[in-house]
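File shown: work.cif (mmCIF, C-alpha atoms).
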```
data_final
loop_
_atom_site.label_atom_id
_atom_site.label_comp_id
_atom_site.auth_asym_id
_atom_site.auth_seq_id
_atom_site.Cartn_x
_atom_site.Cartn_y
_atom_site.Cartn_z
CA MET A 35 220.51 -34.89 20.84
CA GLY A 36 221.58 -31.63 19.36
CA ILE A 37 223.73 -28.84 20.67
CA ARG A 38 222.27 -25.42 20.30
CA SER A 39 224.41 -22.35 20.23
CA LEU A 40 222.85 -19.04 20.96
CA SER A 41 224.71 -16.16 19.47
CA ALA A 42 224.81 -13.03 21.54
CA ALA A 43 225.14 -10.92 18.43
CA SER A 44 222.32 -8.58 17.49
CA ILE A 45 220.43 -9.17 20.69
CA SER A 46 220.13 -5.45 21.18
CA THR A 47 218.79 -4.93 17.66
CA GLY A 48 216.30 -7.71 18.05
CA ALA A 49 217.79 -9.84 15.31
CA LYS A 50 218.50 -12.99 17.18
CA ARG A 51 220.32 -15.84 15.62
CA SER A 52 220.88 -19.31 16.73
CA LYS A 53 222.73 -22.17 15.21
CA PHE A 54 221.82 -25.71 15.75
CA TRP A 55 224.47 -28.32 15.29
CA ASP A 56 223.28 -31.80 14.69
CA GLN A 57 225.20 -34.17 16.80
CA SER A 58 227.31 -36.00 14.28
CA ALA A 59 227.90 -39.32 15.84
CA VAL A 60 231.60 -40.00 16.20
CA VAL A 61 231.78 -43.73 16.13
CA PHE A 62 234.89 -45.46 17.32
CA THR A 63 235.16 -48.78 15.59
CA SER A 64 237.51 -51.64 16.05
CA ASP A 65 238.62 -54.33 13.64
CA TYR A 66 238.46 -56.92 16.42
CA GLU A 67 235.12 -57.12 18.22
CA THR A 68 233.30 -59.36 20.65
CA ILE A 69 230.38 -61.15 18.99
CA ALA A 70 229.20 -63.15 22.00
CA SER A 71 230.53 -64.66 25.20
CA GLN A 72 229.30 -67.26 27.65
CA VAL A 73 230.59 -68.01 31.14
CA LEU A 74 228.98 -71.13 32.51
CA THR A 75 227.10 -70.81 35.78
CA SER A 76 225.79 -74.39 35.53
CA THR A 77 227.10 -77.53 33.88
CA THR A 78 226.06 -78.32 30.34
CA GLY A 79 227.18 -80.63 27.57
CA GLN A 80 226.58 -78.18 24.72
CA ILE A 81 227.30 -74.53 23.97
CA THR A 82 225.69 -72.85 20.95
CA PHE A 83 226.58 -69.66 19.13
CA ASP A 84 223.96 -68.90 16.51
CA SER A 85 222.85 -66.01 14.33
CA ILE A 86 226.52 -65.22 13.78
CA PRO A 87 226.62 -62.00 11.75
CA SER A 88 228.20 -62.00 8.32
CA THR A 89 229.89 -58.64 8.80
CA TYR A 90 233.39 -59.93 9.62
CA ARG A 91 236.14 -61.55 7.58
CA HIS A 92 237.34 -64.10 10.15
CA LEU A 93 236.23 -65.44 13.50
CA GLN A 94 238.27 -66.26 16.58
CA PHE A 95 237.30 -68.34 19.59
CA ARG A 96 239.13 -67.84 22.86
CA ILE A 97 238.16 -70.52 25.36
CA SER A 98 239.09 -71.59 28.89
CA ALA A 99 237.20 -74.82 29.50
CA SER A 100 237.16 -77.82 31.78
CA ALA A 101 234.98 -80.94 31.81
CA ALA A 102 233.60 -83.39 34.35
CA THR A 103 235.80 -86.14 32.88
CA ASP A 104 238.82 -86.01 30.57
CA THR A 105 237.46 -85.78 27.04
CA GLN A 106 237.60 -83.98 23.71
CA LEU A 107 235.80 -80.88 22.56
CA ASP A 108 233.68 -81.66 19.48
CA VAL A 109 232.46 -78.87 17.21
CA THR A 110 229.90 -78.69 14.41
CA PHE A 111 229.06 -75.90 12.00
CA ASN A 112 225.53 -75.03 10.87
CA ASN A 113 224.18 -78.19 12.54
CA ASP A 114 226.09 -80.34 10.06
CA SER A 115 226.69 -83.80 11.55
CA GLY A 116 227.66 -85.42 8.26
CA SER A 117 231.11 -86.89 7.60
CA ASN A 118 232.48 -83.54 6.49
CA TYR A 119 235.24 -82.75 8.98
CA TRP A 120 238.98 -83.40 8.54
CA MET A 121 241.72 -82.77 11.07
CA GLY A 122 245.48 -82.65 10.58
CA GLY A 123 247.91 -81.71 13.27
CA PHE A 124 250.43 -82.39 15.93
CA VAL A 125 249.69 -83.44 19.50
CA SER A 126 252.30 -83.41 22.24
CA THR A 127 252.38 -84.57 25.81
CA GLY A 128 255.86 -83.17 26.29
CA THR A 129 257.36 -86.63 26.52
CA GLY A 130 255.86 -87.76 23.23
CA ASN A 131 254.92 -86.07 19.96
CA PHE A 132 252.19 -87.49 17.76
CA PRO A 133 251.23 -86.38 14.27
CA GLU A 134 247.58 -86.99 13.48
CA VAL A 135 245.37 -86.93 10.42
CA VAL A 136 241.72 -87.83 10.90
CA GLY A 137 239.04 -87.55 8.24
CA ASN A 138 235.40 -88.09 7.44
CA ARG A 139 234.35 -87.27 10.97
CA SER A 140 230.87 -86.11 11.99
CA ALA A 141 232.32 -83.33 14.13
CA MET A 142 235.55 -81.38 14.26
CA ILE A 143 237.78 -82.32 17.19
CA TRP A 144 239.45 -79.63 19.29
CA GLU A 145 241.92 -81.51 21.48
CA GLY A 146 242.05 -82.08 25.17
CA LEU A 147 239.65 -81.11 27.96
CA SER A 148 240.98 -81.84 31.46
CA SER A 149 238.86 -82.74 34.46
CA VAL A 150 241.47 -81.85 37.10
CA THR A 151 240.27 -79.32 39.65
CA ASN A 152 241.10 -75.72 38.70
CA VAL A 153 242.70 -76.79 35.40
CA PHE A 154 241.10 -75.21 32.35
CA THR A 155 242.31 -75.95 28.83
CA GLY A 156 243.14 -72.91 26.78
CA TYR A 157 242.00 -72.70 23.14
CA VAL A 158 242.85 -70.05 20.54
CA VAL A 159 240.91 -70.96 17.40
CA ASP A 160 240.86 -69.05 14.13
CA ILE A 161 238.09 -69.70 11.60
CA ILE A 162 239.33 -68.26 8.33
CA ASP A 163 237.00 -66.70 5.77
CA TYR A 164 233.97 -68.09 7.59
CA LYS A 165 231.42 -66.49 5.26
CA GLU A 166 233.13 -67.08 1.93
CA THR A 167 230.88 -69.24 -0.24
CA SER A 168 233.72 -70.09 -2.62
CA LYS A 169 235.81 -71.84 0.05
CA ASN A 170 235.67 -74.79 2.36
CA LYS A 171 236.17 -73.54 5.89
CA GLN A 172 239.68 -73.66 7.35
CA VAL A 173 240.11 -73.75 11.12
CA ARG A 174 243.43 -73.29 12.95
CA ILE A 175 243.63 -74.45 16.55
CA PHE A 176 246.23 -73.94 19.26
CA SER A 177 245.24 -75.53 22.54
CA GLY A 178 246.53 -77.20 25.64
CA TYR A 179 246.53 -77.98 29.34
CA GLN A 180 249.16 -79.01 31.87
CA ASP A 181 247.59 -80.33 35.09
CA ASN A 182 250.81 -81.21 36.94
CA THR A 183 250.43 -84.92 36.21
CA ALA A 184 249.85 -84.87 32.48
CA ALA A 185 249.95 -82.43 29.63
CA ARG A 186 248.28 -82.36 26.26
CA PHE A 187 248.80 -79.55 23.77
CA SER A 188 248.46 -79.30 20.05
CA ILE A 189 248.32 -77.31 16.87
CA PHE A 190 245.86 -78.37 14.22
CA SER A 191 244.76 -77.21 10.83
CA ASN A 192 241.26 -78.55 10.19
CA VAL A 193 238.66 -78.17 7.47
CA TRP A 194 234.90 -78.29 7.22
CA LEU A 195 234.19 -79.53 3.70
CA ASN A 196 231.36 -77.11 3.04
CA THR A 197 231.25 -73.75 1.25
CA ASN A 198 228.21 -72.38 3.11
CA ALA A 199 228.75 -69.33 5.27
CA ILE A 200 228.99 -70.29 8.93
CA ASN A 201 226.12 -68.86 10.97
CA ARG A 202 225.98 -71.37 13.83
CA ILE A 203 228.66 -73.14 15.88
CA ASP A 204 227.97 -75.84 18.46
CA LEU A 205 230.57 -77.02 20.97
CA PHE A 206 230.18 -80.30 22.83
CA ALA A 207 232.03 -81.85 25.76
CA ARG A 208 232.12 -85.37 24.36
CA SER A 209 230.09 -87.77 26.53
CA THR A 210 230.19 -85.43 29.51
CA THR A 211 229.59 -81.82 30.58
CA PHE A 212 231.56 -78.60 30.73
CA LYS A 213 232.35 -77.37 34.23
CA VAL A 214 231.01 -74.22 35.81
CA GLY A 215 233.34 -71.32 35.15
CA SER A 216 234.21 -72.41 31.63
CA VAL A 217 234.51 -69.38 29.35
CA PHE A 218 233.63 -69.34 25.65
CA SER A 219 234.19 -66.09 23.76
CA LEU A 220 233.64 -65.52 20.03
CA TYR A 221 235.27 -62.54 18.32
CA GLY A 222 234.91 -61.12 14.83
CA ILE A 223 237.87 -59.81 12.85
CA LYS A 224 237.24 -57.38 10.05
CA GLY A 225 239.05 -57.41 6.76
CA ALA A 226 238.80 -56.58 3.09
CA MET B 229 236.72 -45.81 24.84
CA ALA B 230 237.79 -49.39 25.56
CA PHE B 231 238.48 -51.52 22.51
CA THR B 232 238.23 -55.28 22.47
CA TYR B 233 241.89 -55.78 21.53
CA GLN B 234 244.09 -53.14 23.09
CA LYS B 235 247.75 -52.51 23.67
CA ILE B 236 248.48 -52.26 27.37
CA SER B 237 252.20 -51.54 27.25
CA SER B 238 255.19 -51.77 24.93
CA THR B 239 258.86 -51.30 25.69
CA THR B 240 261.96 -51.50 23.52
CA LEU B 241 265.16 -51.90 25.48
CA GLY B 242 267.65 -49.07 25.11
CA SER B 243 270.39 -51.21 26.63
CA SER B 244 270.86 -54.86 27.46
CA ALA B 245 268.99 -56.19 30.47
CA SER B 246 268.83 -59.43 32.40
CA SER B 247 265.03 -59.38 32.55
CA PHE B 248 261.95 -57.33 31.82
CA THR B 249 258.90 -57.04 34.05
CA PHE B 250 255.36 -55.82 33.44
CA THR B 251 253.76 -54.58 36.65
CA SER B 252 250.34 -53.30 37.70
CA ILE B 253 248.60 -55.16 34.87
CA PRO B 254 244.93 -54.18 35.05
CA SER B 255 242.44 -56.95 35.74
CA THR B 256 239.86 -55.58 33.33
CA TYR B 257 240.70 -57.79 30.37
CA THR B 258 239.78 -61.41 29.71
CA ASP B 259 243.02 -62.65 28.16
CA LEU B 260 246.50 -61.22 27.66
CA ILE B 261 248.83 -61.64 24.70
CA LEU B 262 252.55 -61.09 25.16
CA ASP B 263 254.76 -60.62 22.10
CA ILE B 264 258.55 -60.54 22.19
CA TYR B 265 260.72 -59.72 19.19
CA GLY B 266 264.38 -59.47 19.91
CA THR B 267 267.83 -60.82 20.37
CA LEU B 268 270.12 -62.05 23.10
CA ALA B 269 273.34 -60.31 24.00
CA SER B 270 275.04 -63.69 23.76
CA SER B 271 274.29 -67.37 23.29
CA GLU B 272 270.98 -68.94 22.31
CA GLY B 273 267.99 -70.08 24.30
CA ALA B 274 264.38 -69.78 25.32
CA GLY B 275 262.65 -66.96 27.08
CA ARG B 276 261.49 -67.82 30.58
CA VAL B 277 258.51 -66.31 32.34
CA ARG B 278 257.41 -66.02 35.92
CA VAL B 279 254.19 -64.40 37.04
CA GLY B 280 252.53 -63.28 40.22
CA ASN B 281 250.03 -61.21 42.09
CA GLY B 282 251.74 -58.25 43.70
CA SER B 283 255.13 -59.91 43.44
CA ILE B 284 256.74 -62.51 41.20
CA ASP B 285 256.11 -66.05 42.38
CA THR B 286 259.44 -67.89 42.61
CA GLY B 287 257.92 -70.95 44.31
CA SER B 288 257.49 -74.44 42.86
CA ASN B 289 254.11 -73.52 41.49
CA TYR B 290 254.59 -73.87 37.75
CA SER B 291 254.17 -76.81 35.40
CA ARG B 292 254.97 -76.92 31.71
CA ALA B 293 255.22 -79.16 28.71
CA HIS B 294 257.19 -78.30 25.64
CA ALA B 295 257.68 -79.58 22.11
CA TYR B 296 260.16 -78.32 19.57
CA GLY B 297 261.52 -79.00 16.14
CA THR B 298 264.85 -78.19 14.59
CA GLY B 299 264.10 -79.21 11.04
CA GLY B 300 265.88 -82.50 11.41
CA SER B 301 264.15 -83.75 14.53
CA THR B 302 261.50 -83.12 17.13
CA SER B 303 261.63 -83.47 20.86
CA GLY B 304 260.08 -82.19 24.03
CA PHE B 305 259.72 -82.58 27.73
CA ASP B 306 257.26 -82.35 30.59
CA ARG B 307 258.03 -80.57 33.85
CA VAL B 308 255.99 -80.40 37.01
CA ASN B 309 256.52 -78.52 40.25
CA ASN B 310 259.15 -76.47 38.47
CA THR B 311 260.02 -72.92 39.48
CA ASP B 312 260.43 -71.67 35.96
CA PHE B 313 257.66 -71.29 33.50
CA GLY B 314 260.29 -71.35 30.82
CA LEU B 315 259.94 -71.42 27.15
CA MET B 316 258.48 -68.40 25.68
CA GLY B 317 259.88 -68.45 22.18
CA ARG B 318 263.47 -68.97 21.18
CA PHE B 319 266.17 -66.35 20.71
CA ASP B 320 269.78 -65.94 19.69
CA THR B 321 272.13 -63.13 18.75
CA THR B 322 270.51 -62.76 15.33
CA GLY B 323 266.91 -62.62 16.50
CA GLY B 324 263.88 -64.59 17.55
CA ASN B 325 260.27 -64.28 18.60
CA GLY B 326 257.70 -65.56 21.02
CA GLN B 327 253.99 -65.12 21.52
CA THR B 328 252.14 -66.18 24.65
CA HIS B 329 248.41 -66.25 25.29
CA PHE B 330 247.54 -65.90 28.98
CA MET B 331 243.99 -67.26 29.11
CA SER B 332 241.59 -65.92 31.75
CA TYR B 333 244.58 -64.42 33.55
CA SER B 334 242.51 -62.60 36.17
CA ASP B 335 239.86 -65.30 36.75
CA THR B 336 240.14 -66.35 40.39
CA SER B 337 238.16 -69.58 39.87
CA MET B 338 240.95 -71.34 37.97
CA PHE B 339 244.68 -71.98 37.75
CA LYS B 340 246.32 -69.91 35.05
CA THR B 341 247.00 -71.64 31.72
CA TRP B 342 249.02 -70.08 28.97
CA LEU B 343 249.98 -71.22 25.50
CA SER B 344 253.20 -70.16 23.86
CA MET B 345 254.89 -70.56 20.51
CA GLY B 346 257.80 -69.00 18.70
CA GLY B 347 261.27 -69.61 17.43
CA ASN B 348 264.50 -68.46 15.88
CA LYS B 349 266.25 -69.48 12.69
CA THR B 350 267.09 -72.97 13.93
CA LEU B 351 264.34 -74.00 16.34
CA THR B 352 260.55 -73.63 16.63
CA GLN B 353 258.73 -74.48 19.82
CA MET B 354 255.29 -74.59 21.39
CA SER B 355 254.39 -75.10 25.00
CA VAL B 356 251.57 -75.22 27.49
CA ASN B 357 252.14 -73.87 30.97
CA THR B 358 250.26 -73.63 34.25
CA TRP B 359 250.74 -71.39 37.22
CA ARG B 360 249.01 -73.39 39.93
CA SER B 361 247.43 -70.43 41.62
CA THR B 362 243.92 -69.00 41.44
CA SER B 363 245.26 -65.49 42.08
CA ALA B 364 244.92 -62.98 39.30
CA ILE B 365 248.12 -62.30 37.39
CA ASN B 366 249.16 -58.65 37.64
CA THR B 367 252.89 -58.94 37.10
CA ILE B 368 254.89 -60.84 34.45
CA GLN B 369 258.69 -61.20 34.33
CA ILE B 370 260.57 -62.45 31.26
CA TYR B 371 264.25 -63.44 31.28
CA PRO B 372 266.46 -65.54 28.98
CA GLU B 373 267.55 -68.97 30.06
CA GLY B 374 271.24 -69.47 30.68
CA SER B 375 271.80 -66.27 32.66
CA VAL B 376 272.35 -64.16 29.56
CA ASN B 377 270.89 -60.74 28.79
CA TRP B 378 268.29 -59.44 26.42
CA ALA B 379 270.03 -57.23 23.87
CA ALA B 380 269.17 -53.60 23.28
CA GLY B 381 266.37 -53.30 20.75
CA THR B 382 264.38 -56.22 22.11
CA THR B 383 260.69 -55.30 22.25
CA PHE B 384 258.13 -56.52 24.78
CA THR B 385 254.47 -55.77 24.03
CA LEU B 386 251.47 -56.70 26.13
CA TYR B 387 247.92 -56.66 24.75
CA GLY B 388 244.61 -57.13 26.50
CA ILE B 389 241.51 -58.74 25.01
CA THR B 390 238.19 -57.93 26.60
CA ARG B 391 235.10 -60.09 26.54
CA HIS B 392 232.46 -57.36 26.37
#
```
Before we go any further, please render this structure as structure tokens.
Amino acid sequence: MGIRSLSAASISTGAKRSKFWDQSAVVFTSDYETIASQVLTSTTGQITFDSIPSTYRHLQFRISASAATDTQLDVTFNNDSGSNYWMGGFVSTGTGNFPEVVGNRSAMIWEGLSSVTNVFTGYVVDIIDYKETSKNKQVRIFSGYQDNTAARFSIFSNVWLNTNAINRIDLFARSTTFKVGSVFSLYGIKGA
Amino acid sequence: MAFTYQKISSTTLGSSASSFTFTSIPSTYTDLILDIYGTLASSEGAGRVRVGNGSIDTGSNYSRAHAYGTGGSTSGFDRVNNTDFGLMGRFDTTGGNGQTHFMSYSDTSMFKTWLSMGGNKTLTQMSVNTWRSTSAINTIQIYPEGSVNWAAGTTFTLYGITRH
């Protein structure tokens, strides 16, 4: 759409001028953008984010999820179900603290889905340099729930032993289903 | 123009105060992030948080679990039906920090879960907390444990993240 300005000058002499300004799009950009988001309206055991654009530097998941039974959240990248996932971290129940290192797994584990009514585990997950083909993929996870009878919260630093750019992420409620109302949001973070 | 990650409010104390409260938090975001950088006027301890809808909930509607390390040891505890959220970061007279993620803070289909971590020069902590209410959070109060004051210069910043 353009904006046309009609000058009143020289109307009386017959020399009419007009100036047409092209609308120069003023684009407001952000370095932190929503890529995709899903809020479950029915139960399912698997959530997929695919065709992830390569235009960001890092990815971040922000999740509020619950499951039909207490379980773990398993994650794969690019449909890789080989023994290529390692996890190292620290799990706490409040009354006990447990360091963990787990390797050669067929999926990455993101700790602790609760099944208690109205209790949704929070996850803040950073996937660093997700498109860099010179690096294995580092994933930092901060997650937890406290359901008034038990708590489980953790920080983990995990790795997918693969240098391919990530373009698909699948999330599974192990051996069960995610509850209605669970929220899965993927954000892109720009960088150099 | 609404950005995905946006500052809602930021305040730096001009004088010491026993607490700080955010009010009228809009419900238009998906998650909130609260950052505190500051000091205590005296002593050493955690930041404590209460939340509410319209007014601060002082009832026995919070649960929390907490783990911390001091370099030489780790410990933690689990609290249910406790009035205090407690444990947002760790502070002393030389400084400290805390960051809390309020997940789905305005979603009325779930209790409110938030994750917190932070520390000072001698202690680092992380915690998970639940406000057992499905009401949207629109007010947040932060106060130091031990009935001490926040020192002047302490900064409280609230960000909103929007799932577009």
- Item | Who sits within 6 Å of Gly128 of chain A, only C-alpha atoms, same chain under 5 positions skipped, as an NGL selection string | :B and (293-295 or 304-306)
Residues just named, written with C-alpha atoms as a compact mmCIF listing (two decimals), in the coordinates of the input:
```txt
# COMPACT_ATOMS: atom_id res chain seq x y z
CA ALA B 293 255.22 -79.16 28.71
CA HIS B 294 257.19 -78.30 25.64
CA ALA B 295 257.68 -79.58 22.11
CA GLY B 304 260.08 -82.19 24.03
CA PHE B 305 259.72 -82.58 27.73
CA ASP B 306 257.26 -82.35 30.59
```
- For the file shown, report as a PyMOL selection string the outcome of the PyMOL selection byres ((chain B) within 7 of (chain A)) at residue level. chain B and resi 231-233+291-295+304-306+308+331-332+337-339+341-343+356-358+391-392
Would you write out those residues with C-alpha atoms, as a PDB file, in the coordinates of the input?
```
ATOM      1  CA  PHE B 231     238.480 -51.520  22.510  1.00  0.00           C
ATOM      2  CA  THR B 232     238.230 -55.280  22.470  1.00  0.00           C
ATOM      3  CA  TYR B 233     241.890 -55.780  21.530  1.00  0.00           C
ATOM      4  CA  SER B 291     254.170 -76.810  35.400  1.00  0.00           C
ATOM      5  CA  ARG B 292     254.970 -76.920  31.710  1.00  0.00           C
ATOM      6  CA  ALA B 293     255.220 -79.160  28.710  1.00  0.00           C
ATOM      7  CA  HIS B 294     257.190 -78.300  25.640  1.00  0.00           C
ATOM      8  CA  ALA B 295     257.680 -79.580  22.110  1.00  0.00           C
ATOM      9  CA  GLY B 304     260.080 -82.190  24.030  1.00  0.00           C
ATOM     10  CA  PHE B 305     259.720 -82.580  27.730  1.00  0.00           C
ATOM     11  CA  ASP B 306     257.260 -82.350  30.590  1.00  0.00           C
ATOM     12  CA  VAL B 308     255.990 -80.400  37.010  1.00  0.00           C
ATOM     13  CA  MET B 331     243.990 -67.260  29.110  1.00  0.00           C
ATOM     14  CA  SER B 332     241.590 -65.920  31.750  1.00  0.00           C
ATOM     15  CA  SER B 337     238.160 -69.580  39.870  1.00  0.00           C
ATOM     16  CA  MET B 338     240.950 -71.340  37.970  1.00  0.00           C
ATOM     17  CA  PHE B 339     244.680 -71.980  37.750  1.00  0.00           C
ATOM     18  CA  THR B 341     247.000 -71.640  31.720  1.00  0.00           C
ATOM     19  CA  TRP B 342     249.020 -70.080  28.970  1.00  0.00           C
ATOM     20  CA  LEU B 343     249.980 -71.220  25.500  1.00  0.00           C
ATOM     21  CA  VAL B 356     251.570 -75.220  27.490  1.00  0.00           C
ATOM     22  CA  ASN B 357     252.140 -73.870  30.970  1.00  0.00           C
ATOM     23  CA  THR B 358     250.260 -73.630  34.250  1.00  0.00           C
ATOM     24  CA  ARG B 391     235.100 -60.090  26.540  1.00  0.00           C
ATOM     25  CA  HIS B 392     232.460 -57.360  26.370  1.00  0.00           C
TER      26      HIS B 392
END
```
- Task: In Å, rounded to a single decimal, give me how far atom CA of Met121 of chain A is from atom CA of Ile143 of chain A.
- Result: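 Separation between atom CA of Ile143 of chain A and atom CA of Met121 of chain A: 7.3 Å.
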- Close residues, Ser237 of chain B itself excluded, 12 Å, all atoms listed in the file, min 5 positions apart in chain, as number ranges by chain: B: 249-254, 260-263, 383-388
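Nearest residue to Thr322 of chain B among B:Ile236, B:Leu268, B:Ala364, B:Ile370 is B:Leu268, counting only C-alpha atoms.
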